[in-house]
file my_file.cif (mmCIF, C-alpha atoms)
data_entry
#
loop_
_atom_site.label_atom_id
_atom_site.label_comp_id
_atom_site.auth_asym_id
_atom_site.auth_seq_id
_atom_site.Cartn_x
_atom_site.Cartn_y
_atom_site.Cartn_z
CA MET A 1103 -78.58 190.00 38.42
CA LYS A 1104 -77.14 190.48 41.91
CA GLU A 1105 -80.55 191.68 43.13
CA LEU A 1106 -82.16 188.61 41.61
CA LEU A 1107 -79.70 186.35 43.40
CA THR A 1108 -80.71 187.84 46.75
CA LEU A 1109 -84.04 186.11 46.21
CA PHE A 1110 -82.22 182.87 46.97
CA ASP A 1111 -80.56 184.15 50.15
CA GLY A 1112 -83.08 182.25 52.20
CA LEU A 1113 -82.20 178.99 50.45
CA VAL A 1114 -78.44 179.53 50.82
CA GLY A 1115 -78.84 180.51 54.46
CA PHE A 1116 -81.08 177.53 55.04
CA PHE A 1117 -78.27 175.09 54.27
CA ASN A 1118 -75.71 177.19 56.13
CA VAL A 1119 -77.52 177.24 59.46
CA GLY A 1120 -78.64 173.64 59.92
CA GLY A 1121 -81.55 173.17 57.57
CA LEU A 1122 -82.44 169.65 58.71
CA LYS A 1123 -83.08 170.81 62.26
CA MET A 1124 -85.30 173.55 60.89
CA ILE A 1125 -87.25 171.01 58.83
CA ALA A 1126 -87.71 168.99 62.03
CA MET A 1127 -89.15 172.13 63.68
CA TRP A 1128 -91.55 172.63 60.74
CA ALA A 1129 -92.67 169.03 61.33
CA ILE A 1130 -93.23 169.78 65.03
CA GLY A 1131 -95.14 172.93 64.08
CA GLY A 1132 -97.16 170.87 61.62
CA ILE A 1133 -97.98 168.27 64.27
CA LEU A 1134 -99.17 170.99 66.67
CA ILE A 1135 -101.37 172.49 63.92
CA TYR A 1136 -102.70 169.01 63.08
CA LEU A 1137 -103.54 168.30 66.74
CA ALA A 1138 -105.23 171.69 67.01
CA ILE A 1139 -107.38 171.35 63.88
CA LYS A 1140 -107.99 167.63 63.54
CA LYS A 1141 -108.07 166.57 67.20
CA GLU A 1142 -109.29 169.95 68.54
CA MET A 1143 -106.65 169.84 71.30
CA GLU A 1144 -106.41 173.35 72.81
CA PRO A 1145 -106.69 174.78 69.25
CA THR A 1146 -106.64 178.39 70.42
CA LEU A 1147 -103.06 177.96 71.59
CA LEU A 1148 -101.59 174.97 69.81
CA LEU A 1149 -102.41 176.38 66.37
CA PRO A 1150 -100.64 179.75 66.87
CA ILE A 1151 -97.74 178.00 68.64
CA GLY A 1152 -97.44 175.52 65.76
CA PHE A 1153 -97.49 178.25 63.13
CA GLY A 1154 -95.03 180.33 65.14
CA ALA A 1155 -92.69 177.31 65.38
CA ILE A 1156 -92.59 177.19 61.58
CA LEU A 1157 -92.15 180.96 61.30
CA MET A 1158 -89.25 180.96 63.76
CA ASN A 1159 -87.23 178.48 61.75
CA PHE A 1160 -86.27 180.27 58.56
CA PRO A 1161 -82.84 181.84 58.07
CA GLY A 1162 -84.34 184.95 56.49
CA VAL A 1163 -82.23 187.89 55.32
CA ILE A 1164 -78.46 187.57 55.07
CA GLU A 1165 -76.27 190.59 55.73
CA GLU A 1166 -72.55 190.81 55.08
CA VAL A 1167 -71.22 192.37 58.30
CA ALA A 1168 -67.53 192.10 57.31
CA ASP A 1169 -65.52 190.69 54.46
CA GLY A 1170 -66.81 187.17 54.04
CA VAL A 1171 -68.66 187.29 57.38
CA TYR A 1172 -72.41 186.96 57.08
CA GLU A 1173 -75.13 187.49 59.65
CA TYR A 1174 -78.51 185.82 59.38
CA HIS A 1175 -81.58 187.80 60.44
CA PHE A 1176 -84.12 185.11 61.20
CA VAL A 1177 -87.65 185.73 59.95
CA GLY A 1178 -89.07 185.16 63.41
CA GLU A 1179 -86.93 187.87 64.96
CA THR A 1180 -89.88 190.20 64.48
CA LEU A 1181 -91.61 188.17 67.18
CA GLU A 1182 -88.99 189.46 69.61
CA THR A 1183 -90.80 192.78 69.78
CA LEU A 1184 -94.01 191.02 70.79
CA TYR A 1185 -92.11 188.78 73.20
CA ASN A 1186 -90.51 191.72 74.99
CA ALA A 1187 -93.77 193.65 75.02
CA GLY A 1188 -96.01 190.88 76.26
CA ILE A 1189 -94.26 187.84 77.71
CA ALA A 1190 -90.90 188.95 79.07
CA ASN A 1191 -92.73 191.47 81.25
CA GLU A 1192 -95.62 188.98 81.95
CA LEU A 1193 -98.25 191.34 80.52
CA PHE A 1194 -100.08 188.86 78.24
CA PRO A 1195 -100.56 186.10 80.86
CA LEU A 1196 -101.76 188.65 83.41
CA ILE A 1197 -104.31 190.19 81.04
CA LEU A 1198 -105.45 186.69 80.08
CA PHE A 1199 -106.12 186.08 83.76
CA ILE A 1200 -108.73 188.89 83.72
CA GLY A 1201 -110.57 186.94 81.01
CA ILE A 1202 -110.25 183.65 82.90
CA GLY A 1203 -111.51 185.31 86.10
CA ALA A 1204 -114.52 186.64 84.22
CA MET A 1205 -115.29 183.12 82.94
CA ILE A 1206 -115.19 181.40 86.35
CA ASP A 1207 -118.29 180.97 88.49
CA PHE A 1208 -117.10 180.46 92.07
CA GLY A 1209 -120.69 179.61 93.12
CA PRO A 1210 -120.12 175.84 93.64
CA LEU A 1211 -117.03 176.62 95.74
CA LEU A 1212 -118.82 179.27 97.83
CA THR A 1213 -121.60 176.75 98.52
CA ASN A 1214 -119.09 174.28 99.92
CA PRO A 1215 -115.77 176.03 100.80
CA LYS A 1216 -114.19 172.89 102.28
CA LEU A 1217 -113.71 171.66 98.69
CA MET A 1218 -110.76 174.07 98.53
CA ILE A 1219 -108.64 171.61 100.47
CA PHE A 1220 -108.67 169.22 97.49
CA GLY A 1221 -107.41 171.97 95.21
CA ALA A 1222 -104.43 172.31 97.55
CA ALA A 1223 -103.76 168.55 97.66
CA ALA A 1224 -103.67 168.27 93.87
CA GLN A 1225 -100.63 170.58 93.72
CA PHE A 1226 -98.49 167.71 95.02
CA GLY A 1227 -97.33 166.96 91.47
CA ILE A 1228 -95.62 170.35 91.26
CA PHE A 1229 -93.37 169.76 94.23
CA PHE A 1230 -92.75 166.10 93.40
CA THR A 1231 -91.70 167.12 89.89
CA LEU A 1232 -89.44 169.81 91.36
CA CYS A 1233 -87.49 167.03 93.12
CA MET A 1234 -87.52 164.86 89.99
CA ALA A 1235 -86.41 167.70 87.71
CA SER A 1236 -83.56 168.63 90.05
CA VAL A 1237 -82.06 165.19 89.31
CA PHE A 1238 -81.57 166.21 85.67
CA PHE A 1239 -81.34 170.00 85.81
CA PRO A 1240 -78.61 171.32 88.12
CA GLU A 1241 -79.97 174.88 88.09
CA ILE A 1242 -82.84 174.93 90.58
CA LYS A 1243 -84.58 177.75 88.69
CA ASP A 1244 -84.90 175.40 85.69
CA ALA A 1245 -86.15 172.52 87.86
CA ALA A 1246 -88.69 174.84 89.54
CA SER A 1247 -89.88 176.22 86.18
CA ILE A 1248 -90.37 172.69 84.83
CA ALA A 1249 -92.22 171.67 88.00
CA ILE A 1250 -94.78 174.43 87.48
CA ILE A 1251 -96.08 172.56 84.41
CA GLY A 1252 -97.96 170.66 87.13
CA ALA A 1253 -99.98 173.80 87.83
CA ALA A 1254 -101.93 172.74 84.70
CA ASP A 1255 -102.38 176.39 83.99
CA GLY A 1256 -100.63 177.97 81.00
CA PRO A 1257 -100.41 181.61 82.16
CA THR A 1258 -99.00 180.57 85.58
CA SER A 1259 -96.37 178.40 83.86
CA ILE A 1260 -95.33 181.27 81.59
CA VAL A 1261 -95.16 183.83 84.41
CA VAL A 1262 -93.14 181.58 86.74
CA ALA A 1263 -90.73 180.29 84.06
CA ASN A 1264 -90.13 183.84 82.84
CA ALA A 1265 -89.74 185.36 86.27
CA LEU A 1266 -87.21 182.68 87.21
CA GLY A 1267 -85.32 183.32 83.97
CA SER A 1268 -85.52 179.67 82.89
CA ASN A 1269 -83.66 178.58 79.77
CA TYR A 1270 -86.60 176.42 78.69
CA VAL A 1271 -89.64 178.74 78.57
CA GLY A 1272 -90.69 177.52 75.09
CA ALA A 1273 -90.59 173.81 75.93
CA ILE A 1274 -92.29 174.40 79.31
CA THR A 1275 -95.15 176.33 77.72
CA VAL A 1276 -95.69 173.78 74.96
CA ALA A 1277 -95.66 170.95 77.54
CA ALA A 1278 -98.11 172.79 79.82
CA TYR A 1279 -100.64 173.47 77.07
CA SER A 1280 -100.22 170.06 75.41
CA TYR A 1281 -100.86 168.14 78.62
CA MET A 1282 -103.79 170.42 79.50
CA ALA A 1283 -105.30 169.36 76.19
CA LEU A 1284 -104.50 165.73 77.01
CA VAL A 1285 -106.17 165.79 80.45
CA PRO A 1286 -109.10 163.64 79.16
CA ILE A 1287 -106.56 160.96 78.18
CA ILE A 1288 -104.15 161.29 81.15
CA GLN A 1289 -106.54 161.48 84.12
CA PRO A 1290 -109.06 158.59 83.71
CA PRO A 1291 -106.52 155.71 83.85
CA VAL A 1292 -104.82 157.25 86.92
CA ILE A 1293 -108.17 157.74 88.67
CA LYS A 1294 -109.28 154.19 87.82
CA ALA A 1295 -106.00 152.72 89.03
CA LEU A 1296 -106.37 154.40 92.43
CA THR A 1297 -110.09 153.86 93.09
CA THR A 1298 -112.38 150.86 93.31
CA LYS A 1299 -115.63 150.60 91.36
CA ASN A 1300 -117.57 151.05 94.60
CA GLU A 1301 -115.63 154.22 95.44
CA ARG A 1302 -116.38 155.65 92.00
CA LYS A 1303 -120.07 154.93 92.59
CA ILE A 1304 -120.24 157.01 95.77
CA ARG A 1305 -122.96 159.61 95.40
CA MET A 1306 -122.62 163.03 96.96
CA ALA A 1307 -125.58 165.09 98.02
CA TYR A 1308 -125.68 168.60 96.63
CA ASN A 1309 -127.49 171.26 98.60
CA PRO A 1310 -127.78 174.26 96.29
CA GLN A 1311 -127.74 176.90 99.01
CA SER A 1312 -128.23 180.24 97.34
CA VAL A 1313 -125.05 182.26 97.53
CA SER A 1314 -125.87 185.93 98.01
CA LYS A 1315 -124.70 188.55 95.56
CA THR A 1316 -122.82 190.29 98.41
CA THR A 1317 -120.85 187.08 99.05
CA LYS A 1318 -119.97 186.76 95.36
CA ILE A 1319 -118.78 190.39 95.28
CA LEU A 1320 -116.84 190.18 98.54
CA PHE A 1321 -115.13 186.88 97.63
CA PRO A 1322 -112.74 188.23 94.92
CA ILE A 1323 -111.88 191.29 97.03
CA VAL A 1324 -111.14 189.32 100.21
CA ILE A 1325 -109.16 186.61 98.36
CA THR A 1326 -107.01 189.28 96.71
CA ILE A 1327 -106.28 190.85 100.11
CA VAL A 1328 -105.46 187.46 101.66
CA ALA A 1329 -103.20 186.49 98.72
CA CYS A 1330 -101.38 189.84 98.75
CA VAL A 1331 -100.78 189.58 102.52
CA PHE A 1332 -99.79 185.91 102.78
CA ALA A 1333 -98.38 185.16 99.31
CA PRO A 1334 -97.31 188.52 97.84
CA SER A 1335 -95.73 186.82 94.80
CA ALA A 1336 -99.23 185.63 93.88
CA GLY A 1337 -100.62 189.15 94.28
CA SER A 1338 -100.59 190.10 90.62
CA LEU A 1339 -101.87 186.75 89.30
CA ILE A 1340 -104.61 186.33 91.91
CA GLY A 1341 -105.39 190.06 91.70
CA PHE A 1342 -105.98 189.98 87.94
CA LEU A 1343 -107.95 186.71 88.20
CA MET A 1344 -110.16 188.16 90.93
CA PHE A 1345 -110.52 191.50 89.14
CA GLY A 1346 -111.99 189.60 86.19
CA ASN A 1347 -114.31 187.75 88.55
CA LEU A 1348 -115.41 190.98 90.24
CA ILE A 1349 -116.34 192.44 86.84
CA ARG A 1350 -118.46 189.31 86.28
CA GLU A 1351 -120.18 189.28 89.66
CA CYS A 1352 -120.76 192.98 90.34
CA GLY A 1353 -123.81 193.00 88.10
CA VAL A 1354 -123.29 196.48 86.67
CA LEU A 1355 -120.51 195.71 84.18
CA ASP A 1356 -122.10 193.05 82.01
CA SER A 1357 -120.68 194.55 78.85
CA LEU A 1358 -117.13 194.62 80.29
CA SER A 1359 -117.55 191.08 81.62
CA GLU A 1360 -118.58 189.84 78.21
CA THR A 1361 -115.67 191.67 76.58
CA ALA A 1362 -113.19 190.21 79.10
CA GLN A 1363 -114.54 186.67 78.57
CA LYS A 1364 -114.57 186.80 74.79
CA VAL A 1365 -112.82 189.65 72.96
CA LEU A 1366 -110.03 190.33 75.46
CA ALA A 1367 -109.29 186.66 76.14
CA ASN A 1368 -109.32 185.83 72.42
CA LEU A 1369 -107.13 188.78 71.46
CA ILE A 1370 -104.50 187.99 74.06
CA THR A 1371 -104.63 184.29 73.22
CA ILE A 1372 -103.78 185.05 69.57
CA PHE A 1373 -100.72 187.08 70.53
CA LEU A 1374 -99.73 184.78 73.39
CA GLY A 1375 -99.70 181.67 71.21
CA ILE A 1376 -97.62 183.00 68.37
CA THR A 1377 -95.29 184.91 70.68
CA ILE A 1378 -94.48 181.84 72.79
CA ALA A 1379 -93.07 180.33 69.61
CA PHE A 1380 -90.26 182.89 69.82
CA ASN A 1381 -88.53 180.34 72.07
CA MET A 1382 -89.02 177.51 69.61
CA THR A 1383 -85.95 177.82 67.44
CA ALA A 1384 -84.39 174.52 66.36
CA GLU A 1385 -81.29 175.28 68.41
CA GLN A 1386 -83.28 175.80 71.60
CA PHE A 1387 -86.02 173.23 71.12
CA LEU A 1388 -84.40 170.16 69.54
CA SER A 1389 -82.47 168.91 72.50
CA VAL A 1390 -82.45 166.17 75.11
CA PRO A 1391 -83.61 168.65 77.82
CA THR A 1392 -86.78 169.34 75.81
CA LEU A 1393 -87.60 165.62 75.74
CA LEU A 1394 -86.91 165.44 79.48
CA ILE A 1395 -89.22 168.42 80.06
CA MET A 1396 -91.99 166.68 78.12
CA GLY A 1397 -91.53 163.56 80.25
CA LEU A 1398 -91.40 165.50 83.52
CA GLY A 1399 -94.53 167.45 82.53
CA LEU A 1400 -96.40 164.16 82.16
CA VAL A 1401 -95.11 163.03 85.56
CA ALA A 1402 -96.40 166.31 87.06
CA PHE A 1403 -99.91 165.79 85.68
CA ILE A 1404 -100.05 162.13 86.79
CA VAL A 1405 -98.78 162.86 90.32
CA ASP A 1406 -101.15 165.86 90.63
CA THR A 1407 -104.08 163.58 89.81
CA ALA A 1408 -102.84 160.83 92.13
CA GLY A 1409 -102.22 163.35 94.94
CA GLY A 1410 -105.78 164.69 94.69
CA VAL A 1411 -107.40 161.22 94.63
CA LEU A 1412 -105.26 159.80 97.46
CA PHE A 1413 -105.92 162.86 99.63
CA ALA A 1414 -109.66 162.44 99.06
CA LYS A 1415 -109.34 158.78 100.12
CA LEU A 1416 -107.49 159.87 103.27
CA PHE A 1417 -110.25 162.42 103.87
CA ASN A 1418 -112.76 159.56 103.70
CA VAL A 1419 -110.93 157.73 106.48
CA ILE A 1420 -111.32 160.82 108.69
CA LEU A 1421 -114.99 161.20 107.68
CA LYS A 1422 -115.57 157.53 108.59
CA LEU A 1423 -114.05 158.09 112.03
CA LEU A 1424 -116.34 161.08 112.49
CA GLY A 1425 -119.34 159.01 111.36
CA LYS A 1426 -120.02 161.23 108.36
CA PRO A 1427 -120.92 160.11 104.81
CA PRO A 1428 -117.93 159.61 102.47
CA ILE A 1429 -117.09 161.71 99.48
CA ASN A 1430 -116.38 160.36 96.01
CA PRO A 1431 -112.55 160.24 95.90
CA MET A 1432 -112.58 161.02 92.17
CA ILE A 1433 -113.37 164.67 92.91
CA GLY A 1434 -109.83 165.02 94.32
CA ALA A 1435 -108.49 164.64 90.78
CA ALA A 1436 -110.39 167.77 89.68
CA GLY A 1437 -108.05 169.86 91.85
CA ILE A 1438 -105.54 169.76 89.00
CA SER A 1439 -106.80 173.16 87.83
CA ALA A 1440 -107.15 172.43 84.06
CA PHE A 1441 -110.50 174.23 84.07
CA PRO A 1442 -113.17 173.04 83.23
CA MET A 1443 -112.00 169.81 81.54
CA SER A 1444 -110.89 168.13 84.75
CA GLY A 1445 -114.20 168.80 86.53
CA ARG A 1446 -116.15 167.46 83.57
CA ILE A 1447 -114.04 164.30 83.32
CA VAL A 1448 -114.76 163.40 86.96
CA HIS A 1449 -118.48 164.03 86.40
CA LYS A 1450 -118.44 161.85 83.29
CA MET A 1451 -116.60 159.03 85.08
CA GLY A 1452 -119.16 159.16 87.88
CA LEU A 1453 -121.98 158.80 85.36
CA GLU A 1454 -120.21 155.89 83.66
CA GLU A 1455 -120.34 153.92 86.92
CA ASP A 1456 -123.84 154.99 87.92
CA ASN A 1457 -126.08 156.98 85.60
CA GLN A 1458 -127.62 158.81 88.57
CA ASN A 1459 -124.29 159.86 90.10
CA PHE A 1460 -124.10 163.60 89.39
CA LEU A 1461 -120.77 164.96 90.62
CA LEU A 1462 -120.50 168.04 88.42
CA MET A 1463 -121.12 170.73 91.04
CA HIS A 1464 -118.63 169.15 93.45
CA SER A 1465 -115.98 168.51 90.80
CA ILE A 1466 -116.28 172.02 89.35
CA GLY A 1467 -116.00 173.44 92.89
CA VAL A 1468 -112.75 171.50 93.37
CA ASN A 1469 -111.63 172.50 89.88
CA VAL A 1470 -111.93 176.26 90.53
CA SER A 1471 -110.22 175.83 93.90
CA GLY A 1472 -107.41 174.12 91.97
CA GLN A 1473 -107.15 177.25 89.85
CA ILE A 1474 -106.53 179.36 92.96
CA ALA A 1475 -104.24 176.78 94.59
CA SER A 1476 -102.09 176.42 91.46
CA VAL A 1477 -101.45 180.17 91.40
CA ILE A 1478 -100.53 180.04 95.10
CA ALA A 1479 -98.15 177.13 94.40
CA GLY A 1480 -96.60 179.18 91.58
CA ALA A 1481 -96.20 182.14 93.93
CA LEU A 1482 -94.53 179.95 96.55
CA ILE A 1483 -92.11 178.64 93.91
CA LEU A 1484 -91.32 182.25 92.98
CA GLY A 1485 -90.89 183.11 96.65
CA PHE A 1486 -88.49 180.17 97.20
CA PHE A 1487 -86.34 180.55 94.10
CA GLY A 1488 -87.08 183.99 92.65
CA MET B 217 -79.27 176.87 76.99
CA GLY B 218 -78.70 175.39 80.45
CA ASN B 219 -76.84 172.19 81.29
CA PHE B 220 -78.35 168.91 82.31
CA THR B 221 -76.90 166.09 84.34
CA PHE B 222 -78.00 162.98 86.22
CA ASP B 223 -77.67 163.29 89.99
CA PRO B 224 -80.25 161.15 91.86
CA MET B 225 -79.13 162.55 95.23
CA GLN B 226 -80.66 165.89 94.25
CA PHE B 227 -84.10 164.28 94.66
CA VAL B 228 -83.41 163.66 98.34
CA THR B 229 -81.72 167.05 98.80
CA ASN B 230 -84.75 168.88 97.42
CA LEU B 231 -87.39 166.86 99.29
CA LYS B 232 -87.47 169.69 101.84
CA TRP B 233 -89.05 171.94 99.17
CA MET B 234 -91.82 169.38 98.75
CA GLY B 235 -92.60 169.55 102.46
CA ILE B 236 -92.31 173.33 102.75
CA GLY B 237 -94.21 173.89 99.49
CA MET B 238 -97.17 171.65 100.31
CA LEU B 239 -97.34 173.04 103.84
CA GLY B 240 -97.38 176.56 102.39
CA VAL B 241 -100.13 175.73 99.88
CA PHE B 242 -102.30 174.10 102.58
CA MET B 243 -101.75 177.02 104.97
CA ILE B 244 -102.69 179.74 102.45
CA VAL B 245 -105.61 177.74 101.05
CA GLY B 246 -106.71 177.15 104.66
CA ILE B 247 -106.70 180.90 105.32
CA ILE B 248 -108.67 181.51 102.09
CA MET B 249 -111.11 178.76 103.11
CA GLY B 250 -111.56 180.35 106.54
CA SER B 251 -112.09 183.76 104.96
CA THR B 252 -114.71 182.28 102.62
CA TYR B 253 -116.61 180.72 105.53
CA LEU B 254 -116.40 184.07 107.32
CA ILE B 255 -117.78 185.98 104.31
CA GLY B 256 -120.63 183.47 104.03
CA TYR B 257 -121.38 183.69 107.76
CA LEU B 258 -121.32 187.50 107.89
CA THR B 259 -123.39 188.04 104.75
CA SER B 260 -126.01 185.51 105.90
CA ARG B 261 -126.20 187.27 109.32
CA ILE B 262 -126.69 190.61 107.60
CA SER B 263 -129.43 189.25 105.33
CA VAL B 264 -131.20 187.63 108.35
CA LYS B 265 -131.08 190.95 110.21
CA LYS B 266 -132.45 192.74 107.14
CA ASP B 267 -135.30 190.22 106.84
CA ASN B 268 -136.13 190.62 110.56
CA SER B 269 -136.17 194.43 110.34
CA GLU B 270 -138.42 194.28 107.26
CA GLU B 271 -140.91 192.08 109.14
#

call {"tool": "encode", "arguments": {"input": "my_file.cif", "output": "structure tokens"}}
result
Amino acid sequence: MKELLTLFDGLVGFFNVGGLKMIAMWAIGGILIYLAIKKEMEPTLLLPIGFGAILMNFPGVIEEVADGVYEYHFVGETLETLYNAGIANELFPLILFIGIGAMIDFGPLLTNPKLMIFGAAAQFGIFFTLCMASVFFPEIKDAASIAIIGAADGPTSIVVANALGSNYVGAITVAAYSYMALVPIIQPPVIKALTTKNERKIRMAYNPQSVSKTTKILFPIVITIVACVFAPSAGSLIGFLMFGNLIRECGVLDSLSETAQKVLANLITIFLGITIAFNMTAEQFLSVPTLLIMGLGLVAFIVDTAGGVLFAKLFNVILKLLGKPPINPMIGAAGISAFPMSGRIVHKMGLEEDNQNFLLMHSIGVNVSGQIASVIAGALILGFFG
Amino acid sequence: MGNFTFDPMQFVTNLKWMGIGMLGVFMIVGIIMGSTYLIGYLTSRISVKKDNSEE
């Protein structure tokens, strides 16, 4: 009989450890799964995170540690092993960067390297949000970790928040991936508010100069050296990103490149998603700071977009003084890094204004430069507060 | 779990990080941009020399 009663331990424990909060977390998990399946918002990550959020919020096995003193072993505690093996030591995000590097074609950027400057400008949201977050979060490491949501790059957010020992890694990661998925909703109104119809109609000539294979091979090697010398904190992130790109571009490792882009990236994504949920216990997640983090994450994405567009408009003033043709200021918004959605949105908005206005190669060039610049911004944050 | 407060003066206090941070990003991206131009220039020079020697 006693053994049979243990079957109901979970139910007893559920009411002993704040069951309503846990039900709220199941609802949050359910919403994330719904958004992933029904709305196809970053399904590769939001679905495992949503399921993990449910898994993390069960009381599990009860153990009597002393007379009348019980200890609850939460079901999700098993995720701790994965968390320590892959996230606490930054392994999963770094390996994922190999896959991302193998997916990126730096060709459009190598054709027109000056586009990199827009990638830098669109990191403004990170530092603005750092100031905003410091108003609410007295510990600067927390404010800095929240600010890095503006990198619009999940692995960078995870690495920085973990390295700084933030108390809010779970909320930061969920915010980063959620807003990345919402880029098609967040960016267009900001871009439209800051540009005129005529500015959005500006066409940009594209000269597809052939980039030599040697250039494509040298690029990841040289960038890694530059990053390791001038921003050593970015060394590992940029190094893994560029290693993936070198595999892609070298021309003799097609099989490895394909594996990195598909199998490796998918495998790590599965573990990364469900493991992030380790930080999504009701106690940690259901709090005012989490709501603030969600709000500040949105601010970061909006200010990033605005920073990119306004910098491009400023660039146009300089081009006008030099008597050169203007650029379409919308491409500045693509520096937000969320690759490749942001680049595609700008291209689509250009076509909406003028069906012959093809901005894709320029916007993708800015988008990949945003990927590099966001890692550099993350490294600087680590350098300042790490 | 960390604390949270409301201290608007912190925004002004931390503005220096905005300046230093953006300057740092522009500087490093500028160096990467310069390196990229250099790679492009050197590789195109090499390929021109190769073409000339082949002729």

call {"tool": "interface_residues", "arguments": {"input": "my_file.cif", "of": "chain A", "to": "chain B", "cutoff": "8 Å", "atoms": "all atoms listed in the file", "output": "VMD selection string"}}
result
chain A and resid 1212 1215 to 1216 1218 to 1219 1222 to 1223 1225 to 1226 1229 to 1230 1232 to 1234 1236 to 1241 1269 to 1270 1313 to 1314 1316 to 1317 1320 to 1321 1324 to 1325 1328 to 1329 1332 to 1333 1386 1391 1475 1478 to 1479 1482 to 1483

call {"tool": "closest_residue", "arguments": {"input": "my_file.cif", "among": "A:Pro1431, A:Pro1442, A:Pro1257, A:Gly1399", "to": "Ile1200 in chain A", "atoms": "all atoms listed in the file"}}
result
A:Pro1257

call {"tool": "closest_residue", "arguments": {"input": "my_file.cif", "among": "A:Lys1243, A:Pro1322, A:Ala1384, A:Leu1266", "to": "Leu1157 in chain A", "atoms": "all atoms listed in the file"}}
result
A:Ala1384

call {"tool": "atom_distance", "arguments": {"input": "my_file.cif", "atom1": "CA of Met1396 in chain A", "atom2": "CA of Ser1247 in chain A"}}
result
12.7 Å

call {"tool": "atom_distance", "arguments": {"input": "my_file.cif", "atom1": "CA of Phe1194 in chain A", "atom2": "CA of Ala1249 in chain A"}}
result
21.3 Å

call {"tool": "atom_distance", "arguments": {"input": "my_file.cif", "atom1": "CA of Val1448 in chain A", "atom2": "CA of Leu1137 in chain A"}}
result
23.6 Å

call {"tool": "resolve_selection", "arguments": {"input": "my_file.cif", "expression": "the PyMOL selection byres ((chain A and resi 1359) around 6)", "output": "PyMOL selection string"}}
result
chain A and resi 1204+1349-1350+1356-1358+1360-1362

call {"tool": "write_last_selection", "arguments": {"input": "my_file.cif", "atoms": "C-alpha atoms", "output": "compact mmCIF listing (two decimals), in the coordinates of the input"}}
result
# COMPACT_ATOMS: atom_id res chain seq x y z
CA ALA A 1204 -114.52 186.64 84.22
CA ILE A 1349 -116.34 192.44 86.84
CA ARG A 1350 -118.46 189.31 86.28
CA ASP A 1356 -122.10 193.05 82.01
CA SER A 1357 -120.68 194.55 78.85
CA LEU A 1358 -117.13 194.62 80.29
CA GLU A 1360 -118.58 189.84 78.21
CA THR A 1361 -115.67 191.67 76.58
CA ALA A 1362 -113.19 190.21 79.10

call {"tool": "residues_around", "arguments": {"input": "my_file.cif", "residues": "Pro1150 in chain A", "least_positions_apart": "3", "cutoff": "12 Å", "atoms": "all atoms listed in the file", "output": "PyMOL selection string"}}
result
chain A and resi 1131-1132+1134-1139+1144-1147+1153-1158+1276+1279+1368+1370-1380

call {"tool": "resolve_selection", "arguments": {"input": "my_file.cif", "expression": "the PyMOL selection byres ((chain A and resi 1259) around 8)", "output": "PDB file with C-alpha atoms, in the frame of the given file"}}
result
ATOM      1  CA  SER A1247     -89.880 176.220  86.180  1.00  0.00           C
ATOM      2  CA  ILE A1250     -94.780 174.430  87.480  1.00  0.00           C
ATOM      3  CA  ILE A1251     -96.080 172.560  84.410  1.00  0.00           C
ATOM      4  CA  ALA A1253     -99.980 173.800  87.830  1.00  0.00           C
ATOM      5  CA  ALA A1254    -101.930 172.740  84.700  1.00  0.00           C
ATOM      6  CA  ASP A1255    -102.380 176.390  83.990  1.00  0.00           C
ATOM      7  CA  GLY A1256    -100.630 177.970  81.000  1.00  0.00           C
ATOM      8  CA  PRO A1257    -100.410 181.610  82.160  1.00  0.00           C
ATOM      9  CA  THR A1258     -99.000 180.570  85.580  1.00  0.00           C
ATOM     10  CA  ILE A1260     -95.330 181.270  81.590  1.00  0.00           C
ATOM     11  CA  VAL A1261     -95.160 183.830  84.410  1.00  0.00           C
ATOM     12  CA  VAL A1262     -93.140 181.580  86.740  1.00  0.00           C
ATOM     13  CA  ALA A1263     -90.730 180.290  84.060  1.00  0.00           C
ATOM     14  CA  ILE A1274     -92.290 174.400  79.310  1.00  0.00           C
ATOM     15  CA  THR A1275     -95.150 176.330  77.720  1.00  0.00           C
ATOM     16  CA  ALA A1278     -98.110 172.790  79.820  1.00  0.00           C
ATOM     17  CA  GLY A1480     -96.600 179.180  91.580  1.00  0.00           C
TER      18      GLY A1480
END
